[in-house]
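Structure first, commentary second.
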Amino acid sequence: MKRSLPGVAGRALLLFLVPLLAACAEEYPQSTINPQSDFAAIIHSLYVSIFWWTMLILAVVWVALAWVLVKYRRKSENDQPKQIRGHLGLEIGWTVGPALIVVAIVIPTIQAVFATQRPISEDALLVEVTGHRFWWEFHYPEYGVTTANEIRLPVDRPVSLRLESADVIHSFWVPVLGGKRDLNPVPAVREGRDKKYNWLYFTPEVTGVFMGQCAEFCGESHALMAKRAIVETEAEFEAWIASWFASEGAAAPEPPEPADAEPGDALPEEVAEARPAGQDEDPRIAQGRELFMNSTCIACHAVQGTSAQGAIAPNLTLFGTRRTLASGIMENNEDNLVRWIIDPQGIKPAAAMPGVDYPGGNWPATNFSEEEVRAISAYLLSLK
Ligand code: CUA
């Protein structure tokens, strides 16, 4: 079948427009050729310059090859080209030429290494990033805020990520912002010596949602250790910090903590039960809150403003505002959350969270009924 020219042109246009329009989506694909920070721009310009050098080399080699093929093609049975064994000029040429190419690549590479390792400015936002099998913890010491799997950053403010691992080596990588850089277990050092963390400095230059993931094999669910970087305006970022403290884990006001309660203590049952429900609160939310606060959930998870102060699993404050679930691998909605609570290891092998029927990490199965799981999900999604 013969295609009409407008048809072909239309397809070509479509081919051009689809990626172009895809770039308009709020969520950026995981790509290294679309830099959105100073760090990523340095890496990208290095990549582009080396790409064009290699294209030049490719062109020279192909033209030379074509010329040789034509000029020295065999013309008869006895035809033999001129023998050039030990030709001094050629030997020097093909030694010095590639050496110069290597030098041309090494110089900008070393410049990029130094540019991306430079000391961070004073006004940088410090975020302590801890890698866990298989999720990300983000702590903002300036604010006392801890979150998981979705790192929020204000646009145009330099950020300084202090990288550490709670178990094995992971690697921070949000391609459009920069990285990769390893998160190592940082052993306790002798007194008076600074711990040797890895650091990553960059300034996000546009707002958006940027995908990233762990870039160092860390076990069964390494490939399921994704994350998002949410770059927002300074005002949006400040509002997020404020809502983190304003959120009491629910719309309901908090009863005062008993004076002798330690963080991490289970809430006495009568207090949990006395917690008044919000005005138009879904009864499932109240039920879910009570289940959550009186189960092993709070041994590991924390919710700001409640007695849940576990610190070994993702902090669930403002959980309902998260876009994704289980370290960036699923959309955060009730059905997915129910699936996750019922069977975490079925979704993410070796996840440390126990399921309804199966233990996880060092924890026994939770034995929640599906109705209870739905109530807990409703509660968690209400954390906004
Ligand atoms: Cu964490 Cu791979």
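Going through the structure tokens in order, the chains are called A, B, and so on, while each chain numbers its residues from 1 and the ligands are numbered from 1 in the order shown.
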Legend entry - Given 12 Å and only C-alpha atoms and all ligand atoms, residues near ligand 1 as a PyMOL selection string: chain A and resi 130-137+149+164-173+180-185+212-227+327+351
Could you write out the selected residues, including C-alpha atoms, as an mmCIF file, in the first residue's frame?
```
data_model
loop_
_atom_site.group_PDB
_atom_site.id
_atom_site.type_symbol
_atom_site.label_atom_id
_atom_site.label_comp_id
_atom_site.auth_asym_id
_atom_site.auth_seq_id
_atom_site.Cartn_x
_atom_site.Cartn_y
_atom_site.Cartn_z
ATOM 1 C CA THR A 130 18.490 7.339 55.208
ATOM 2 C CA GLY A 131 18.140 4.315 52.977
ATOM 3 C CA HIS A 132 16.332 1.290 54.364
ATOM 4 C CA ARG A 133 15.515 -2.026 52.787
ATOM 5 C CA PHE A 134 13.359 -0.961 50.876
ATOM 6 C CA TRP A 135 12.274 2.610 51.444
ATOM 7 C CA TRP A 136 13.604 6.133 51.906
ATOM 8 C CA GLU A 137 13.565 8.256 55.019
ATOM 9 C CA ASN A 149 9.641 8.127 50.009
ATOM 10 C CA GLU A 164 23.345 7.322 55.123
ATOM 11 C CA SER A 165 22.046 3.772 55.173
ATOM 12 C CA ALA A 166 20.416 1.882 58.010
ATOM 13 C CA ASP A 167 21.439 -1.464 56.561
ATOM 14 C CA VAL A 168 23.137 -2.144 53.222
ATOM 15 C CA ILE A 169 24.399 0.207 50.516
ATOM 16 C CA HIS A 170 21.699 2.036 48.545
ATOM 17 C CA SER A 171 22.118 4.836 46.037
ATOM 18 C CA PHE A 172 20.195 8.092 45.718
ATOM 19 C CA TRP A 173 19.201 8.786 42.139
ATOM 20 C CA LYS A 180 23.644 8.843 41.710
ATOM 21 C CA ARG A 181 25.408 8.802 45.037
ATOM 22 C CA ASP A 182 25.712 5.917 47.474
ATOM 23 C CA LEU A 183 24.064 5.779 50.877
ATOM 24 C CA ASN A 184 26.531 3.845 52.982
ATOM 25 C CA PRO A 185 26.122 2.471 56.465
ATOM 26 C CA GLY A 212 13.854 8.437 41.126
ATOM 27 C CA GLN A 213 14.931 5.130 42.495
ATOM 28 C CA CYS A 214 17.575 3.205 44.303
ATOM 29 C CA ALA A 215 20.567 2.708 42.037
ATOM 30 C CA GLU A 216 22.569 0.177 44.030
ATOM 31 C CA PHE A 217 21.496 -3.434 44.317
ATOM 32 C CA CYS A 218 20.300 -3.864 47.893
ATOM 33 C CA GLY A 219 18.292 -7.091 47.917
ATOM 34 C CA GLU A 220 15.080 -8.735 46.772
ATOM 35 C CA SER A 221 13.111 -5.529 46.320
ATOM 36 C CA HIS A 222 15.866 -3.229 45.083
ATOM 37 C CA ALA A 223 13.920 -2.611 41.888
ATOM 38 C CA LEU A 224 10.880 -1.665 43.992
ATOM 39 C CA MET A 225 12.705 1.035 45.951
ATOM 40 C CA ALA A 226 11.460 4.056 44.060
ATOM 41 C CA LYS A 227 10.935 7.601 45.222
ATOM 42 C CA SER A 327 8.123 3.475 48.284
ATOM 43 C CA ALA A 351 9.439 -6.033 52.992
#
```
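In the backbone-derived DSSP annotation, helix (DSSP H, G or I) within segment 106-270 of chain A comprises A:Val106, A:Ile107, A:Pro108, A:Thr109, A:Ile110, A:Gln111, A:Ala112, A:Val113, A:Phe114, A:Ala115, A:Thr116, A:His222, A:Ala223, A:Leu224, A:Glu234, A:Ala235, A:Glu236, A:Phe237, A:Glu238, A:Ala239, A:Trp240, A:Ile241, A:Ala242, A:Ser243, A:Trp244, A:Phe245, A:Ala246, A:Glu269, A:Glu270.
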Inset, instruction - Choose the residue, out of A:Ile341, A:Leu325, A:Leu161, A:Ala104, that has the smallest atom-to-atom separation from Thr366 of chain A; count only C-alpha atoms. - result: A:Ile341
Inset, instruction - Compile the contact shell of Cys300 of chain A as a list of chain:residue names: residues with an atom at most 8 Å away, counting only C-alpha atoms, same-chain residues fewer than 2 positions apart removed. - result: A:Thr296, A:Cys297, A:Ile298, A:Ala302, A:Gln309, A:Gly310, A:Ala311, A:Ile312, A:Ala313, A:Pro314
Export of prior selection with all heavy atoms as a PDB file, in the first residue's frame:
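Output below, filename out_24.pdb:
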```pdb
ATOM      1  N   THR A 296       0.313  -3.393  66.786  1.00  0.00           N
ATOM      2  CA  THR A 296       1.772  -3.313  66.628  1.00  0.00           C
ATOM      3  C   THR A 296       2.176  -2.245  65.619  1.00  0.00           C
ATOM      4  O   THR A 296       3.355  -1.922  65.522  1.00  0.00           O
ATOM      5  CB  THR A 296       2.356  -4.663  66.150  1.00  0.00           C
ATOM      6  OG1 THR A 296       1.592  -5.101  65.028  1.00  0.00           O
ATOM      7  CG2 THR A 296       2.346  -5.698  67.250  1.00  0.00           C
ATOM      8  N   CYS A 297       1.231  -1.679  64.871  1.00  0.00           N
ATOM      9  CA  CYS A 297       1.571  -0.642  63.870  1.00  0.00           C
ATOM     10  C   CYS A 297       2.480   0.421  64.480  1.00  0.00           C
ATOM     11  O   CYS A 297       3.468   0.855  63.884  1.00  0.00           O
ATOM     12  CB  CYS A 297       0.317   0.056  63.342  1.00  0.00           C
ATOM     13  SG  CYS A 297      -0.916  -1.027  62.611  1.00  0.00           S
ATOM     14  N   ILE A 298       2.109   0.839  65.726  1.00  0.00           N
ATOM     15  CA  ILE A 298       2.814   1.985  66.322  1.00  0.00           C
ATOM     16  C   ILE A 298       4.169   1.606  66.901  1.00  0.00           C
ATOM     17  O   ILE A 298       4.915   2.467  67.356  1.00  0.00           O
ATOM     18  CB  ILE A 298       1.953   2.692  67.391  1.00  0.00           C
ATOM     19  CG1 ILE A 298       1.610   1.735  68.541  1.00  0.00           C
ATOM     20  CG2 ILE A 298       0.676   3.252  66.778  1.00  0.00           C
ATOM     21  CD1 ILE A 298       0.996   2.460  69.730  1.00  0.00           C
ATOM     22  N   ALA A 302       5.244   6.197  62.987  1.00  0.00           N
ATOM     23  CA  ALA A 302       4.911   7.395  63.763  1.00  0.00           C
ATOM     24  C   ALA A 302       3.872   8.212  63.006  1.00  0.00           C
ATOM     25  O   ALA A 302       3.847   8.229  61.780  1.00  0.00           O
ATOM     26  CB  ALA A 302       6.163   8.238  63.984  1.00  0.00           C
ATOM     27  N   GLN A 309       4.739   6.687  67.796  1.00  0.00           N
ATOM     28  CA  GLN A 309       6.047   7.330  67.667  1.00  0.00           C
ATOM     29  C   GLN A 309       7.131   6.333  67.277  1.00  0.00           C
ATOM     30  O   GLN A 309       8.302   6.559  67.558  1.00  0.00           O
ATOM     31  CB  GLN A 309       6.413   8.047  68.982  1.00  0.00           C
ATOM     32  CG  GLN A 309       5.510   9.232  69.331  1.00  0.00           C
ATOM     33  CD  GLN A 309       5.618  10.365  68.323  1.00  0.00           C
ATOM     34  OE1 GLN A 309       6.693  10.630  67.780  1.00  0.00           O
ATOM     35  NE2 GLN A 309       4.506  11.031  68.029  1.00  0.00           N
ATOM     36  N   GLY A 310       6.724   5.235  66.649  1.00  0.00           N
ATOM     37  CA  GLY A 310       7.728   4.271  66.182  1.00  0.00           C
ATOM     38  C   GLY A 310       8.641   4.922  65.171  1.00  0.00           C
ATOM     39  O   GLY A 310       8.215   5.782  64.397  1.00  0.00           O
ATOM     40  N   ALA A 311       9.893   4.527  65.194  1.00  0.00           N
ATOM     41  CA  ALA A 311      10.851   5.231  64.334  1.00  0.00           C
ATOM     42  C   ALA A 311      11.600   4.294  63.398  1.00  0.00           C
ATOM     43  O   ALA A 311      12.620   4.671  62.827  1.00  0.00           O
ATOM     44  CB  ALA A 311      11.831   6.006  65.196  1.00  0.00           C
ATOM     45  N   ILE A 312      11.108   3.063  63.205  1.00  0.00           N
ATOM     46  CA  ILE A 312      11.889   2.163  62.349  1.00  0.00           C
ATOM     47  C   ILE A 312      11.218   1.896  61.008  1.00  0.00           C
ATOM     48  O   ILE A 312      11.765   1.215  60.167  1.00  0.00           O
ATOM     49  CB  ILE A 312      12.217   0.828  63.066  1.00  0.00           C
ATOM     50  CG1 ILE A 312      10.948   0.112  63.520  1.00  0.00           C
ATOM     51  CG2 ILE A 312      13.137   1.072  64.252  1.00  0.00           C
ATOM     52  CD1 ILE A 312      11.228  -1.253  64.115  1.00  0.00           C
ATOM     53  N   ALA A 313      10.030   2.446  60.828  1.00  0.00           N
ATOM     54  CA  ALA A 313       9.332   2.283  59.547  1.00  0.00           C
ATOM     55  C   ALA A 313       8.928   3.688  59.088  1.00  0.00           C
ATOM     56  O   ALA A 313       9.080   4.649  59.829  1.00  0.00           O
ATOM     57  CB  ALA A 313       8.112   1.394  59.732  1.00  0.00           C
ATOM     58  N   PRO A 314       8.413   3.816  57.867  1.00  0.00           N
ATOM     59  CA  PRO A 314       8.081   5.155  57.375  1.00  0.00           C
ATOM     60  C   PRO A 314       7.170   5.941  58.323  1.00  0.00           C
ATOM     61  O   PRO A 314       6.197   5.400  58.844  1.00  0.00           O
ATOM     62  CB  PRO A 314       7.374   4.872  56.044  1.00  0.00           C
ATOM     63  CG  PRO A 314       7.985   3.601  55.577  1.00  0.00           C
ATOM     64  CD  PRO A 314       8.233   2.795  56.830  1.00  0.00           C
TER      65      PRO A 314
END
```
Inset, instruction - Between A:Ala242, A:Leu291, A:Ala235, A:Leu58, single out the one closest to Val373 of chain A, counting only C-alpha atoms. - result: A:Leu291
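Across the model, the gap from atom CA of Ala148 of chain A to atom CA of Gly305 of chain A is 17.0 Å.
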Inset, instruction - Within segment 83-321 of chain A, find each residue whose DSSP state, derived from the backbone, is strand (DSSP E or B), and express the selection as a ChimeraX atom specification. - result: /A:125-132,135-140,145-148,150-154,159-165,170-174,178-183,185,198-202,204,208-213,226-232,302,309
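Among the candidates A:Leu163, A:Ile151, A:Thr109, A:Ser295, the residue lying nearest to Lys196 of chain A is A:Leu163 (atoms considered: only C-alpha atoms).
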Inset, instruction - Give me the residues within 8 Å of Val338 of chain A as a PyMOL selection string, counting only C-alpha atoms and dropping any in the same chain fewer than 4 places off. - result: chain A and resi 334+342+373-374+377
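For Ile285 of chain A, the residues within 8 Å (counting only C-alpha atoms, excluding itself and residues fewer than 2 positions away along the chain) are A:Glu281, A:Asp282, A:Pro283, A:Gln287, A:Gly288, A:Arg289, A:Ala375, A:Ile376, A:Ala378, A:Tyr379, A:Ser382.
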Output for the residues just chosen: N, CA, C and O atoms as a PDB file, in the first residue's frame:
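Result went into part-v6.pdb, see below:
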```
ATOM      1  N   GLU A 281     -16.875  13.055  60.417  1.00  0.00           N
ATOM      2  CA  GLU A 281     -15.901  11.995  60.216  1.00  0.00           C
ATOM      3  C   GLU A 281     -16.576  10.670  59.886  1.00  0.00           C
ATOM      4  O   GLU A 281     -17.532  10.255  60.519  1.00  0.00           O
ATOM      5  N   ASP A 282     -16.000  10.022  58.867  1.00  0.00           N
ATOM      6  CA  ASP A 282     -16.386   8.671  58.492  1.00  0.00           C
ATOM      7  C   ASP A 282     -16.135   7.780  59.721  1.00  0.00           C
ATOM      8  O   ASP A 282     -15.046   7.804  60.288  1.00  0.00           O
ATOM      9  N   PRO A 283     -17.163   7.017  60.165  1.00  0.00           N
ATOM     10  CA  PRO A 283     -16.949   6.177  61.360  1.00  0.00           C
ATOM     11  C   PRO A 283     -15.791   5.190  61.182  1.00  0.00           C
ATOM     12  O   PRO A 283     -15.163   4.777  62.152  1.00  0.00           O
ATOM     13  N   GLN A 287     -12.661   4.118  63.741  1.00  0.00           N
ATOM     14  CA  GLN A 287     -12.370   2.704  64.011  1.00  0.00           C
ATOM     15  C   GLN A 287     -10.924   2.385  63.618  1.00  0.00           C
ATOM     16  O   GLN A 287     -10.194   1.723  64.363  1.00  0.00           O
ATOM     17  N   GLY A 288     -10.521   2.885  62.449  1.00  0.00           N
ATOM     18  CA  GLY A 288      -9.165   2.633  61.956  1.00  0.00           C
ATOM     19  C   GLY A 288      -8.127   3.243  62.870  1.00  0.00           C
ATOM     20  O   GLY A 288      -7.092   2.631  63.153  1.00  0.00           O
ATOM     21  N   ARG A 289      -8.416   4.450  63.347  1.00  0.00           N
ATOM     22  CA  ARG A 289      -7.466   5.113  64.252  1.00  0.00           C
ATOM     23  C   ARG A 289      -7.269   4.278  65.514  1.00  0.00           C
ATOM     24  O   ARG A 289      -6.156   4.067  65.970  1.00  0.00           O
ATOM     25  N   ALA A 375     -10.708  -0.132  57.485  1.00  0.00           N
ATOM     26  CA  ALA A 375     -10.832   0.979  58.443  1.00  0.00           C
ATOM     27  C   ALA A 375      -9.471   1.652  58.657  1.00  0.00           C
ATOM     28  O   ALA A 375      -9.354   2.883  58.644  1.00  0.00           O
ATOM     29  N   ILE A 376      -8.423   0.831  58.788  1.00  0.00           N
ATOM     30  CA  ILE A 376      -7.079   1.396  58.968  1.00  0.00           C
ATOM     31  C   ILE A 376      -6.673   2.206  57.740  1.00  0.00           C
ATOM     32  O   ILE A 376      -6.105   3.301  57.840  1.00  0.00           O
ATOM     33  N   ALA A 378      -8.701   3.726  55.691  1.00  0.00           N
ATOM     34  CA  ALA A 378      -9.469   4.978  55.702  1.00  0.00           C
ATOM     35  C   ALA A 378      -8.832   5.973  56.655  1.00  0.00           C
ATOM     36  O   ALA A 378      -8.720   7.174  56.356  1.00  0.00           O
ATOM     37  N   TYR A 379      -8.399   5.484  57.801  1.00  0.00           N
ATOM     38  CA  TYR A 379      -7.724   6.359  58.772  1.00  0.00           C
ATOM     39  C   TYR A 379      -6.439   6.950  58.175  1.00  0.00           C
ATOM     40  O   TYR A 379      -6.225   8.166  58.210  1.00  0.00           O
ATOM     41  N   SER A 382      -6.904   9.523  55.718  1.00  0.00           N
ATOM     42  CA  SER A 382      -7.453  10.772  56.261  1.00  0.00           C
ATOM     43  C   SER A 382      -6.364  11.673  56.833  1.00  0.00           C
ATOM     44  O   SER A 382      -6.626  12.800  57.228  1.00  0.00           O
TER      45      SER A 382
END
```
